[in-house]
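File shown: target_14.txt. Contents: compact mmCIF, C-alpha atoms.
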```txt
# COMPACT_ATOMS: atom_id res chain seq x y z
CA MET A 21 -1.97 -3.14 15.96
CA ALA A 22 1.42 -1.55 16.37
CA ARG A 23 3.24 -0.98 13.11
CA GLY A 24 6.80 -1.63 14.15
CA ASP A 25 8.43 -4.80 12.95
CA VAL A 26 8.47 -7.40 15.72
CA GLU A 27 11.63 -9.02 14.33
CA PRO A 28 15.21 -8.13 15.21
CA ASN A 29 16.07 -7.86 11.49
CA PRO A 30 14.22 -5.93 8.76
CA ASP A 31 11.58 -7.76 6.76
CA ALA A 32 12.13 -7.57 3.01
CA THR A 33 8.38 -7.76 2.41
CA ARG A 34 7.43 -4.83 4.63
CA LEU A 35 6.21 -1.73 2.82
CA ALA A 36 7.61 1.39 4.51
CA ASP A 37 5.86 1.95 7.86
CA PHE A 38 2.59 0.30 6.85
CA ALA A 39 1.21 -2.78 8.54
CA HIS A 40 2.84 -6.00 7.37
CA PRO A 41 0.51 -8.65 5.85
CA ARG A 42 0.81 -10.71 9.04
CA GLU A 43 -0.38 -7.65 10.98
CA THR A 44 -3.31 -7.07 8.63
CA PHE A 45 -6.63 -8.57 9.70
CA GLU A 46 -8.90 -7.18 6.97
CA LEU A 47 -8.83 -8.72 3.50
CA HIS A 48 -10.18 -6.34 0.89
CA GLY A 49 -11.55 -7.99 -2.23
CA HIS A 50 -10.71 -11.65 -3.04
CA ARG A 51 -14.00 -12.94 -1.62
CA ASP A 52 -14.16 -15.77 -4.16
CA ALA A 53 -10.67 -17.00 -3.25
CA GLU A 54 -11.48 -16.90 0.45
CA ALA A 55 -14.75 -18.75 -0.17
CA ALA A 56 -12.87 -21.48 -2.08
CA VAL A 57 -10.54 -22.06 0.87
CA LEU A 58 -13.40 -22.11 3.36
CA ASP A 59 -15.34 -24.57 1.20
CA ALA A 60 -12.36 -26.95 1.02
CA TRP A 61 -11.83 -26.72 4.78
CA SER A 62 -15.51 -27.27 5.65
CA HIS A 63 -15.67 -30.38 3.45
CA GLY A 64 -12.42 -31.86 4.76
CA LYS A 65 -10.72 -31.44 1.39
CA MET A 66 -7.90 -29.04 2.18
CA HIS A 67 -5.20 -29.48 -0.43
CA HIS A 68 -1.73 -29.84 1.05
CA ALA A 69 -0.33 -26.99 -1.10
CA TRP A 70 -1.89 -23.77 -2.34
CA LEU A 71 -0.31 -21.50 -4.96
CA ILE A 72 -1.59 -17.94 -4.39
CA THR A 73 -0.95 -15.92 -7.54
CA GLY A 74 -1.61 -12.47 -8.95
CA PRO A 75 0.09 -9.10 -9.45
CA LYS A 76 2.38 -7.81 -6.75
CA GLY A 77 0.80 -5.91 -3.88
CA ILE A 78 -2.81 -7.05 -4.24
CA GLY A 79 -3.04 -9.02 -0.99
CA LYS A 80 -1.60 -12.47 -1.65
CA ALA A 81 0.54 -12.55 1.49
CA THR A 82 -2.33 -11.05 3.48
CA LEU A 83 -4.51 -13.97 2.39
CA ALA A 84 -1.75 -16.47 3.21
CA TYR A 85 -1.42 -15.19 6.78
CA ARG A 86 -5.21 -15.06 7.07
CA MET A 87 -5.36 -18.73 6.06
CA ALA A 88 -2.58 -19.60 8.50
CA ARG A 89 -4.30 -17.90 11.44
CA PHE A 90 -7.56 -19.66 10.63
CA LEU A 91 -6.07 -23.14 10.25
CA LEU A 92 -3.96 -22.83 13.38
CA THR A 93 -6.98 -21.60 15.34
CA PHE A 94 -9.50 -24.11 13.96
CA PRO A 95 -7.73 -27.44 13.30
CA GLU A 96 -11.04 -29.26 12.93
CA PHE A 97 -14.28 -28.38 11.18
CA GLU A 98 -16.63 -26.06 13.06
CA PRO A 99 -19.88 -24.84 11.50
CA ASP A 100 -21.05 -21.26 11.10
CA HIS A 101 -17.85 -19.74 9.72
CA GLU A 102 -18.67 -17.19 7.03
CA ASP A 103 -15.05 -16.30 6.28
CA LEU A 104 -11.49 -16.91 7.45
CA SER A 105 -11.39 -14.07 9.96
CA VAL A 106 -9.81 -14.55 13.40
CA SER A 107 -9.96 -11.95 16.14
CA GLU A 108 -6.88 -9.80 16.54
CA GLU A 109 -7.06 -10.58 20.26
CA ASN A 110 -6.97 -14.35 19.70
CA SER A 111 -3.87 -15.92 21.28
CA VAL A 112 -3.03 -17.82 18.07
CA ALA A 113 -3.36 -14.62 16.06
CA ARG A 114 -1.00 -12.87 18.42
CA MET A 115 1.59 -15.62 18.01
CA VAL A 116 1.29 -15.52 14.21
CA THR A 117 1.80 -11.77 14.23
CA ALA A 118 4.88 -12.17 16.43
CA LEU A 119 6.13 -15.13 14.34
CA SER A 120 6.28 -17.12 17.56
CA HIS A 121 3.73 -19.83 16.78
CA PRO A 122 5.56 -23.19 16.95
CA ASP A 123 3.50 -24.64 14.09
CA LEU A 124 4.12 -21.82 11.61
CA PHE A 125 7.22 -21.55 9.41
CA VAL A 126 7.79 -18.58 7.09
CA LEU A 127 10.26 -19.20 4.28
CA ARG A 128 11.71 -15.99 2.80
CA ARG A 129 14.94 -14.30 1.80
CA PRO A 130 17.34 -14.26 4.78
CA TYR A 131 18.95 -11.10 6.14
CA ASP A 132 22.75 -10.87 5.97
CA GLU A 133 24.10 -9.25 9.13
CA LYS A 134 27.44 -8.54 7.49
CA THR A 135 26.15 -6.64 4.47
CA LYS A 136 23.02 -5.39 6.25
CA LYS A 137 21.02 -6.45 3.22
CA HIS A 138 18.67 -9.27 2.33
CA LYS A 139 19.95 -12.07 0.13
CA ALA A 140 18.99 -11.79 -3.53
CA ASN A 141 17.10 -15.09 -3.34
CA ILE A 142 16.05 -17.89 -1.03
CA PRO A 143 18.95 -20.39 -0.81
CA VAL A 144 18.57 -24.12 -0.39
CA ASP A 145 19.79 -23.97 3.22
CA GLU A 146 16.63 -22.06 4.13
CA VAL A 147 14.44 -24.74 2.54
CA ARG A 148 16.28 -27.42 4.50
CA LYS A 149 15.12 -25.72 7.67
CA VAL A 150 11.59 -26.57 6.59
CA GLY A 151 12.65 -30.22 6.65
CA GLY A 152 13.62 -29.81 10.29
CA PHE A 153 10.25 -28.18 10.96
CA PHE A 154 8.51 -31.16 9.36
CA SER A 155 10.51 -33.68 11.39
CA THR A 156 8.65 -32.80 14.59
CA HIS A 157 5.01 -33.21 15.53
CA ALA A 158 2.65 -30.25 15.62
CA SER A 159 3.24 -28.65 19.00
CA MET A 160 -0.38 -27.66 19.43
CA GLY A 161 -1.93 -30.79 17.99
CA GLY A 162 -3.39 -29.30 14.80
CA TRP A 163 -2.06 -28.14 11.47
CA ARG A 164 1.46 -27.13 10.59
CA VAL A 165 1.62 -24.27 8.11
CA VAL A 166 4.49 -23.13 5.87
CA ILE A 167 4.27 -19.79 4.07
CA VAL A 168 6.70 -19.23 1.17
CA ASP A 169 6.92 -15.51 0.43
CA SER A 170 7.71 -15.53 -2.33
CA ALA A 171 8.19 -18.73 -4.30
CA ASP A 172 9.53 -16.62 -7.19
CA GLU A 173 12.66 -15.92 -5.11
CA LEU A 174 13.70 -19.57 -4.65
CA ASN A 175 17.00 -20.28 -6.37
CA PRO A 176 17.10 -23.45 -8.54
CA SER A 177 18.44 -25.70 -5.77
CA ALA A 178 15.93 -24.34 -3.28
CA ALA A 179 13.08 -24.84 -5.76
CA ASN A 180 14.04 -28.49 -6.28
CA ALA A 181 14.32 -29.04 -2.53
CA LEU A 182 10.85 -27.58 -2.00
CA LEU A 183 9.50 -29.76 -4.81
CA LYS A 184 10.52 -32.88 -2.91
CA MET A 185 8.58 -31.65 0.11
CA LEU A 186 5.54 -31.00 -2.04
CA GLU A 187 5.73 -34.55 -3.38
CA GLU A 188 5.69 -36.16 0.06
CA PRO A 189 4.26 -33.72 2.60
CA PRO A 190 3.69 -34.84 6.20
CA ALA A 191 0.12 -35.31 7.38
CA LYS A 192 -1.81 -32.24 8.58
CA THR A 193 0.62 -29.90 6.81
CA ILE A 194 -0.33 -27.00 4.57
CA LEU A 195 2.11 -25.14 2.31
CA LEU A 196 1.08 -21.69 1.08
CA LEU A 197 3.18 -20.43 -1.85
CA VAL A 198 2.93 -16.76 -2.76
CA SER A 199 3.87 -16.06 -6.37
CA HIS A 200 3.80 -12.89 -8.48
CA SER A 201 4.98 -14.74 -11.62
CA PRO A 202 3.82 -18.37 -11.44
CA GLY A 203 4.88 -18.99 -15.03
CA ARG A 204 8.51 -18.82 -13.87
CA LEU A 205 8.07 -21.60 -11.32
CA LEU A 206 8.90 -25.21 -12.06
CA PRO A 207 5.92 -26.82 -13.83
CA THR A 208 6.15 -29.68 -11.33
CA ILE A 209 5.73 -27.22 -8.44
CA ARG A 210 2.68 -25.68 -10.09
CA SER A 211 1.16 -29.09 -10.79
CA ARG A 212 1.33 -30.12 -7.13
CA CYS A 213 -0.52 -27.06 -5.86
CA ARG A 214 -4.10 -25.94 -5.94
CA LYS A 215 -4.07 -22.52 -7.57
CA LEU A 216 -5.77 -19.45 -6.14
CA THR A 217 -5.64 -16.56 -8.60
CA LEU A 218 -6.22 -13.11 -7.10
CA ASN A 219 -7.26 -10.25 -9.36
CA PRO A 220 -6.33 -6.57 -9.12
CA LEU A 221 -8.46 -4.66 -6.65
CA GLY A 222 -11.21 -2.29 -7.71
CA ALA A 223 -11.42 1.39 -6.84
CA GLU A 224 -13.68 0.79 -3.81
CA ASP A 225 -11.32 -1.78 -2.31
CA ILE A 226 -8.30 0.46 -2.95
CA ALA A 227 -10.11 3.33 -1.19
CA ALA A 228 -10.82 1.03 1.77
CA VAL A 229 -7.15 0.01 1.98
CA LEU A 230 -6.06 3.65 1.93
CA ALA A 231 -8.53 4.53 4.68
CA ALA A 232 -7.49 1.54 6.79
CA ASN A 233 -3.89 2.75 6.60
CA ASP A 234 -4.69 6.34 7.58
CA GLN A 235 -4.19 7.78 4.11
CA GLN A 236 -6.58 10.70 3.88
CA VAL A 237 -7.35 11.24 0.20
CA SER A 238 -10.44 12.49 -1.58
CA ALA A 239 -12.70 10.05 -3.40
CA LYS A 240 -11.52 11.55 -6.70
CA ASP A 241 -7.85 11.11 -5.82
CA ALA A 242 -8.48 7.60 -4.49
CA ALA A 243 -10.00 6.64 -7.84
CA ALA A 244 -7.01 8.14 -9.67
CA VAL A 245 -4.56 6.32 -7.38
CA ALA A 246 -6.42 3.05 -8.01
CA LEU A 247 -6.02 3.51 -11.77
CA LEU A 248 -2.37 4.47 -11.48
CA ALA A 249 -1.66 1.54 -9.13
CA GLU A 250 -3.44 -0.84 -11.54
CA GLY A 251 -5.29 -2.52 -8.69
CA SER A 252 -2.28 -3.02 -6.40
CA ALA A 253 -2.96 -2.06 -2.79
CA GLY A 254 0.75 -1.92 -2.01
CA GLU A 255 1.40 0.37 -4.95
CA ALA A 256 -1.57 2.56 -4.02
CA LEU A 257 -0.24 3.02 -0.48
CA SER A 258 3.19 3.99 -1.80
CA LEU A 259 1.66 6.48 -4.23
CA ALA A 260 -0.66 8.05 -1.68
CA ALA A 261 2.01 8.37 1.00
CA GLY A 262 4.78 9.57 -1.31
CA GLY A 263 3.00 12.19 -3.39
CA GLY A 264 2.82 9.80 -6.32
CA LEU A 265 -0.23 11.36 -7.91
CA GLU A 266 1.46 14.77 -8.05
CA LEU A 267 4.59 13.22 -9.58
CA TYR A 268 2.52 11.41 -12.20
CA GLY A 269 0.78 14.69 -13.04
CA ARG A 270 4.14 16.26 -13.83
CA ILE A 271 5.26 13.25 -15.88
CA GLU A 272 2.00 13.08 -17.80
CA GLY A 273 2.21 16.82 -18.42
CA VAL A 274 5.51 16.30 -20.23
CA LEU A 275 4.65 13.06 -22.04
CA GLY A 276 1.18 14.24 -22.97
CA SER A 277 2.71 17.22 -24.79
CA LEU A 278 4.92 15.07 -27.04
CA PRO A 279 6.42 15.50 -29.56
CA ASN A 280 7.01 19.10 -28.42
CA PRO A 281 7.37 19.21 -24.62
CA ASP A 282 8.49 22.39 -22.90
CA VAL A 283 12.27 21.98 -22.55
CA GLN A 284 12.51 23.84 -19.24
CA THR A 285 9.68 21.80 -17.72
CA LEU A 286 11.25 18.56 -18.94
CA HIS A 287 14.65 19.32 -17.42
CA ALA A 288 13.10 20.45 -14.12
CA LEU A 289 11.23 17.13 -13.95
CA ALA A 290 14.40 15.18 -14.81
CA ASP A 291 16.26 16.99 -12.03
CA THR A 292 13.52 16.04 -9.55
CA VAL A 293 13.44 12.32 -10.36
CA ALA A 294 17.24 12.06 -10.58
CA LYS A 295 17.90 13.86 -7.29
CA ARG A 296 20.56 12.15 -5.20
CA GLY A 297 19.08 10.09 -2.37
CA ALA A 298 15.54 10.14 -3.81
CA ASP A 299 15.57 6.44 -4.69
CA ASP A 300 11.82 5.94 -4.15
CA THR A 301 11.03 8.86 -6.47
CA TRP A 302 13.39 7.49 -9.11
CA ARG A 303 11.83 4.02 -9.02
CA ALA A 304 8.32 5.51 -9.10
CA ALA A 305 9.20 7.71 -12.08
CA GLN A 306 10.54 4.74 -14.04
CA ASP A 307 7.36 2.79 -13.40
CA MET A 308 5.15 5.74 -14.36
CA VAL A 309 6.91 6.33 -17.67
CA ILE A 310 6.65 2.63 -18.50
CA ARG A 311 2.97 2.50 -17.57
CA TRP A 312 2.20 5.63 -19.56
CA CYS A 313 3.81 4.06 -22.62
CA GLY A 314 1.73 0.95 -21.97
CA ARG A 315 -1.43 3.05 -21.98
CA VAL A 316 -0.53 4.39 -25.44
CA ALA A 317 0.23 0.88 -26.70
CA ARG A 318 -3.09 -0.45 -25.38
CA THR A 319 -4.99 2.48 -26.89
CA LEU A 320 -3.45 1.72 -30.28
CA ALA A 321 -4.25 -1.98 -29.92
CA THR A 322 -7.88 -1.51 -28.81
CA GLY A 323 -8.85 1.88 -30.21
CA GLU A 324 -10.45 2.69 -26.88
CA THR A 325 -9.84 5.88 -24.91
CA ALA A 326 -7.89 5.12 -21.73
CA PRO A 327 -9.59 6.26 -18.50
CA ASP A 328 -8.25 9.49 -17.07
CA ILE A 329 -5.77 9.40 -14.21
CA ILE A 330 -5.08 13.10 -14.83
CA VAL A 331 -7.99 15.11 -16.28
CA GLY A 332 -7.89 14.96 -20.08
CA GLU A 333 -5.17 12.32 -20.18
CA GLY A 334 -7.20 9.76 -22.12
CA THR A 335 -7.97 12.30 -24.84
CA ARG A 336 -4.32 13.33 -25.06
CA VAL A 337 -3.20 9.70 -25.33
CA LEU A 338 -5.78 9.05 -28.05
CA ALA A 339 -4.65 12.09 -30.03
CA LEU A 340 -0.98 11.24 -29.59
CA SER A 341 -1.41 7.63 -30.64
CA ALA A 342 -3.63 8.25 -33.67
CA GLY A 343 -1.89 6.89 -36.74
CA GLY A 344 0.96 5.44 -34.70
CA SER A 345 2.41 1.96 -34.98
CA PRO A 346 1.05 -0.45 -32.31
CA ALA A 347 4.13 -2.66 -32.72
CA ALA A 348 6.54 0.25 -32.30
CA TRP A 349 4.87 1.49 -29.10
CA ALA A 350 4.65 -2.04 -27.72
CA GLU A 351 8.35 -2.53 -28.43
CA ALA A 352 9.15 0.75 -26.67
CA TRP A 353 7.03 -0.36 -23.72
CA ALA A 354 9.20 -3.45 -23.29
CA GLN A 355 12.46 -1.66 -24.09
CA LEU A 356 11.98 1.07 -21.48
CA ALA A 357 12.09 -1.45 -18.64
CA GLN A 358 15.32 -2.92 -20.01
CA ASP A 359 16.87 0.50 -20.47
CA PHE A 360 16.08 1.58 -16.92
CA ALA A 361 17.36 -1.71 -15.52
CA LYS A 362 20.60 -1.30 -17.48
CA ALA A 363 20.99 2.28 -16.25
CA ASP A 364 20.59 1.15 -12.64
CA GLY A 365 22.84 -1.85 -13.08
CA LEU A 366 25.64 0.26 -14.56
CA ASN A 367 25.02 3.13 -12.15
CA MET A 368 24.50 5.50 -15.07
CA ASP A 369 23.54 9.14 -14.64
CA ARG A 370 19.84 9.11 -13.74
CA LYS A 371 18.97 12.38 -15.43
CA HIS A 372 20.45 11.18 -18.71
CA ALA A 373 18.61 7.87 -18.39
CA PHE A 374 15.30 9.65 -17.79
CA LEU A 375 15.83 12.05 -20.69
CA ASP A 376 16.79 9.17 -22.97
CA ALA A 377 13.48 7.48 -22.14
CA VAL A 378 11.52 10.63 -22.96
CA PHE A 379 13.48 11.12 -26.19
CA ARG A 380 12.67 7.53 -27.21
CA LEU A 381 8.97 8.29 -26.85
CA GLN A 382 9.39 11.68 -28.51
CA ALA A 383 10.82 9.97 -31.60
CA LEU A 384 7.74 7.75 -31.83
CA ALA A 385 5.44 10.74 -31.42
CA ARG A 386 7.29 12.59 -34.21
CA VAL A 387 6.78 9.69 -36.60
CA LYS A 388 3.05 9.91 -35.95
CA ALA A 389 3.08 13.70 -36.29
CA ALA A 390 4.89 13.47 -39.61
```
Turn this file's structure into structure tokens for me.
Amino acid sequence: MARGDVEPNPDATRLADFAHPRETFELHGHRDAEAAVLDAWSHGKMHHAWLITGPKGIGKATLAYRMARFLLTFPEFEPDHEDLSVSEENSVARMVTALSHPDLFVLRRPYDEKTKKHKANIPVDEVRKVGGFFSTHASMGGWRVVIVDSADELNPSAANALLKMLEEPPAKTILLLVSHSPGRLLPTIRSRCRKLTLNPLGAEDIAAVLAANDQQVSAKDAAAVALLAEGSAGEALSLAAGGGLELYGRIEGVLGSLPNPDVQTLHALADTVAKRGADDTWRAAQDMVIRWCGRVARTLATGETAPDIIVGEGTRVLALSAGGSPAAWAEAWAQLAQDFAKADGLNMDRKHAFLDAVFRLQALARVKAA
């Protein structure tokens, strides 16, 4: 499958140059969720709306497009299907990949030609287009499928408009709602959907995703990437392709030496993550610092040694956290995300923002040391 976007405008859900979920024909993990869909289909009990939930990047949209291809290919029950796979060479599959199937509608954030950016959310006008889609009969005589990617991005008016469609859906219509944070959706939207909860992927599935996307990493590094990505295939691909494991090694080297990090090493790291134009590195560094703090907080809460991403990391975290305040580290965990968001929103100096985050954690480590 070619990895260029088939659309004239960029797709906000595409991850770098990797295959888009609609171009992905292998579903790694999530066998129970797939089996639940197949069971409903084979017994003629397909719910009209499915809410596909779970952490970002674990394959929710991939499952949604997999379901769409299957339903549009097999409108009626046929025995002997073991999963929802459809051949990449199938004519329906080709149309889904090209977004040219007349019975498929994908609802997502629109692209603004003037600003050359995607809208911040899905406006109500986009949802009204779904109404037009529903007003016609299925062109190919089977199902009509709507994928909402993601439902979290619906603005309030759009969410209410979609709710009305969920209340009175046309016959032979399936709505597939992708959601990273279902708790933020309207309770009435959640109540009208059958929920499919996807769990973070294991190390073997992450390794398979990396291999399928031509990321050549050792088994040891693949396991480390899986831990760092916390089961997110999308995050694992970004880390493997962008030198994320090396960056985390440098960050952990500084944080693991708290409360007395080497000043020269710290400033060299801050210069790297704050480098002008290195937006991906900056975002990755923020996430890594936050996750590292979370590992300390969890260690304090459970008393268990965290698994190593970098050799010896779990032991260093355990030693650093011994005698510390679980509440204080948990508060810092939450506060770091707010601080980084504020720094980005106000366009603050990135190096200062990064150093401030490290100094916050250093203060906690000093309390423990004292």
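Checking A:Asp291, A:Glu250, A:Glu333, A:Glu98 one by one against Asp369 (chain A), counting all atoms listed in the file, you find the shortest gap at A:Asp291.
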Neighbour list for Ala361 (chain A) as number ranges by chain, cut-off 12 Å, only C-alpha atoms, skip fewer than 4 positions in-chain: A: 302-303, 306-307, 310, 354-357, 365-368, 370, 373-374, 377
Would you save the residues of that selection, restricted to C-alpha atoms, as a PDB file, in the frame of the given file?
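The new file result_16.pdb reads:
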```
ATOM      1  CA  TRP A 302      13.390   7.490  -9.110  1.00  0.00           C
ATOM      2  CA  ARG A 303      11.830   4.020  -9.020  1.00  0.00           C
ATOM      3  CA  GLN A 306      10.540   4.740 -14.040  1.00  0.00           C
ATOM      4  CA  ASP A 307       7.360   2.790 -13.400  1.00  0.00           C
ATOM      5  CA  ILE A 310       6.650   2.630 -18.500  1.00  0.00           C
ATOM      6  CA  ALA A 354       9.200  -3.450 -23.290  1.00  0.00           C
ATOM      7  CA  GLN A 355      12.460  -1.660 -24.090  1.00  0.00           C
ATOM      8  CA  LEU A 356      11.980   1.070 -21.480  1.00  0.00           C
ATOM      9  CA  ALA A 357      12.090  -1.450 -18.640  1.00  0.00           C
ATOM     10  CA  GLY A 365      22.840  -1.850 -13.080  1.00  0.00           C
ATOM     11  CA  LEU A 366      25.640   0.260 -14.560  1.00  0.00           C
ATOM     12  CA  ASN A 367      25.020   3.130 -12.150  1.00  0.00           C
ATOM     13  CA  MET A 368      24.500   5.500 -15.070  1.00  0.00           C
ATOM     14  CA  ARG A 370      19.840   9.110 -13.740  1.00  0.00           C
ATOM     15  CA  ALA A 373      18.610   7.870 -18.390  1.00  0.00           C
ATOM     16  CA  PHE A 374      15.300   9.650 -17.790  1.00  0.00           C
ATOM     17  CA  ALA A 377      13.480   7.480 -22.140  1.00  0.00           C
TER      18      ALA A 377
END
```
Within 10 Å of Arg86 (chain A), counting only C-alpha atoms, which residues qualify if same-chain residues fewer than 3 places away don't, as a list in words?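 With the cut-off at 10 Å, the set is Pro41, Arg42, Glu43, Thr44, Phe45, Glu46, Leu47, Glu54, Lys80, Ala81, Thr82, Leu83, Arg89, Phe90, Leu91, Asp103, Leu104, Ser105, Val106, Ala113 and Val116 of chain A.
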Atom-to-atom span, CA of Asn219 (chain A) and CA of Ser199 (chain A), Å: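 Going from CA of Asn219 (chain A) over to CA of Ser199 (chain A) covers 12.9 Å.
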Quick one: residues within 10 Å of His121 (chain A), all atoms listed in the file, excluding same-chain residues fewer than 2 positions away - as a ChimeraX atom specification? /A:89,92,111-119,123-125,159-160,164-165
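Using all atoms listed in the file, the nearest neighbour of Arg34 (chain A) within the list A:Asp169, A:Asp328, A:Glu102, A:Glu187 is A:Asp169.
Of note, CA of Glu272 (chain A) and CA of Ile78 (chain A) are spaced 24.7 Å apart.
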Which residues, written as a PDB file with C-alpha atoms, in the coordinates of the input, have at least one atom at most 7 Å from region 129-144 of chain A, with all atoms listed in the file counted and residues fewer than 4 positions away on the same chain left out?
```pdb
ATOM      1  CA  ASN A  29      16.070  -7.860  11.490  1.00  0.00           C
ATOM      2  CA  ALA A  32      12.130  -7.570   3.010  1.00  0.00           C
ATOM      3  CA  ARG A 148      16.280 -27.420   4.500  1.00  0.00           C
ATOM      4  CA  GLU A 173      12.660 -15.920  -5.110  1.00  0.00           C
ATOM      5  CA  LEU A 174      13.700 -19.570  -4.650  1.00  0.00           C
ATOM      6  CA  ASN A 175      17.000 -20.280  -6.370  1.00  0.00           C
ATOM      7  CA  SER A 177      18.440 -25.700  -5.770  1.00  0.00           C
ATOM      8  CA  ALA A 178      15.930 -24.340  -3.280  1.00  0.00           C
ATOM      9  CA  ALA A 181      14.320 -29.040  -2.530  1.00  0.00           C
TER      10      ALA A 181
END
```
Measuring atom to atom with all atoms listed in the file, identify which of A:Asn280, A:Ala383, A:Phe360, A:Gly222 is nearest to Gly49 (chain A).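 Residue with the minimum atom-to-atom distance to Gly49 (chain A): A:Gly222.
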Arg204 (chain A) environment, 12 Å, only C-alpha atoms, sequence neighbours closer than 2 positions dropped, as a PDB file with C-alpha atoms, keeping the file's coordinate frame:
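As written to disk, out_4.pdb reads:
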```pdb
ATOM      1  CA  THR A  73      -0.950 -15.920  -7.540  1.00  0.00           C
ATOM      2  CA  ALA A 171       8.190 -18.730  -4.300  1.00  0.00           C
ATOM      3  CA  ASP A 172       9.530 -16.620  -7.190  1.00  0.00           C
ATOM      4  CA  GLU A 173      12.660 -15.920  -5.110  1.00  0.00           C
ATOM      5  CA  LEU A 174      13.700 -19.570  -4.650  1.00  0.00           C
ATOM      6  CA  ASN A 175      17.000 -20.280  -6.370  1.00  0.00           C
ATOM      7  CA  PRO A 176      17.100 -23.450  -8.540  1.00  0.00           C
ATOM      8  CA  ALA A 179      13.080 -24.840  -5.760  1.00  0.00           C
ATOM      9  CA  SER A 199       3.870 -16.060  -6.370  1.00  0.00           C
ATOM     10  CA  HIS A 200       3.800 -12.890  -8.480  1.00  0.00           C
ATOM     11  CA  SER A 201       4.980 -14.740 -11.620  1.00  0.00           C
ATOM     12  CA  PRO A 202       3.820 -18.370 -11.440  1.00  0.00           C
ATOM     13  CA  LEU A 206       8.900 -25.210 -12.060  1.00  0.00           C
ATOM     14  CA  PRO A 207       5.920 -26.820 -13.830  1.00  0.00           C
ATOM     15  CA  THR A 208       6.150 -29.680 -11.330  1.00  0.00           C
ATOM     16  CA  ILE A 209       5.730 -27.220  -8.440  1.00  0.00           C
ATOM     17  CA  ARG A 210       2.680 -25.680 -10.090  1.00  0.00           C
TER      18      ARG A 210
END
```
Ranking A:Arg296, A:His40, A:Arg380, A:Lys65 by minimum distance to Asp359 (chain A) and counting all atoms listed in the file, which one comes first? A:Arg380
Pull out region 260-281 of chain A, keep C-alpha atoms, and write it as a short mmCIF file (atom, residue, chain, number, x, y, z; two decimals), in the first residue's frame.
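Once written, selection.cif looks like this:
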```cif
data_model
loop_
_atom_site.label_atom_id
_atom_site.label_comp_id
_atom_site.auth_asym_id
_atom_site.auth_seq_id
_atom_site.Cartn_x
_atom_site.Cartn_y
_atom_site.Cartn_z
CA ALA A 260 11.29 4.47 17.06
CA ALA A 261 11.42 6.73 14.01
CA GLY A 262 12.50 9.87 15.87
CA GLY A 263 15.23 8.56 18.14
CA GLY A 264 12.89 8.69 21.11
CA LEU A 265 14.63 5.99 23.09
CA GLU A 266 17.94 7.86 22.93
CA LEU A 267 16.24 11.09 24.01
CA TYR A 268 14.57 9.34 26.94
CA GLY A 269 17.95 7.91 27.96
CA ARG A 270 19.34 11.44 28.23
CA ILE A 271 16.29 12.68 30.15
CA GLU A 272 16.33 9.73 32.53
CA GLY A 273 20.06 10.23 33.04
CA VAL A 274 19.37 13.73 34.36
CA LEU A 275 16.20 12.97 36.33
CA GLY A 276 17.58 9.74 37.74
CA SER A 277 20.49 11.68 39.26
CA LEU A 278 18.25 14.07 41.20
CA PRO A 279 18.62 15.95 43.47
CA ASN A 280 22.17 16.56 42.19
CA PRO A 281 22.21 16.36 38.37
#
```
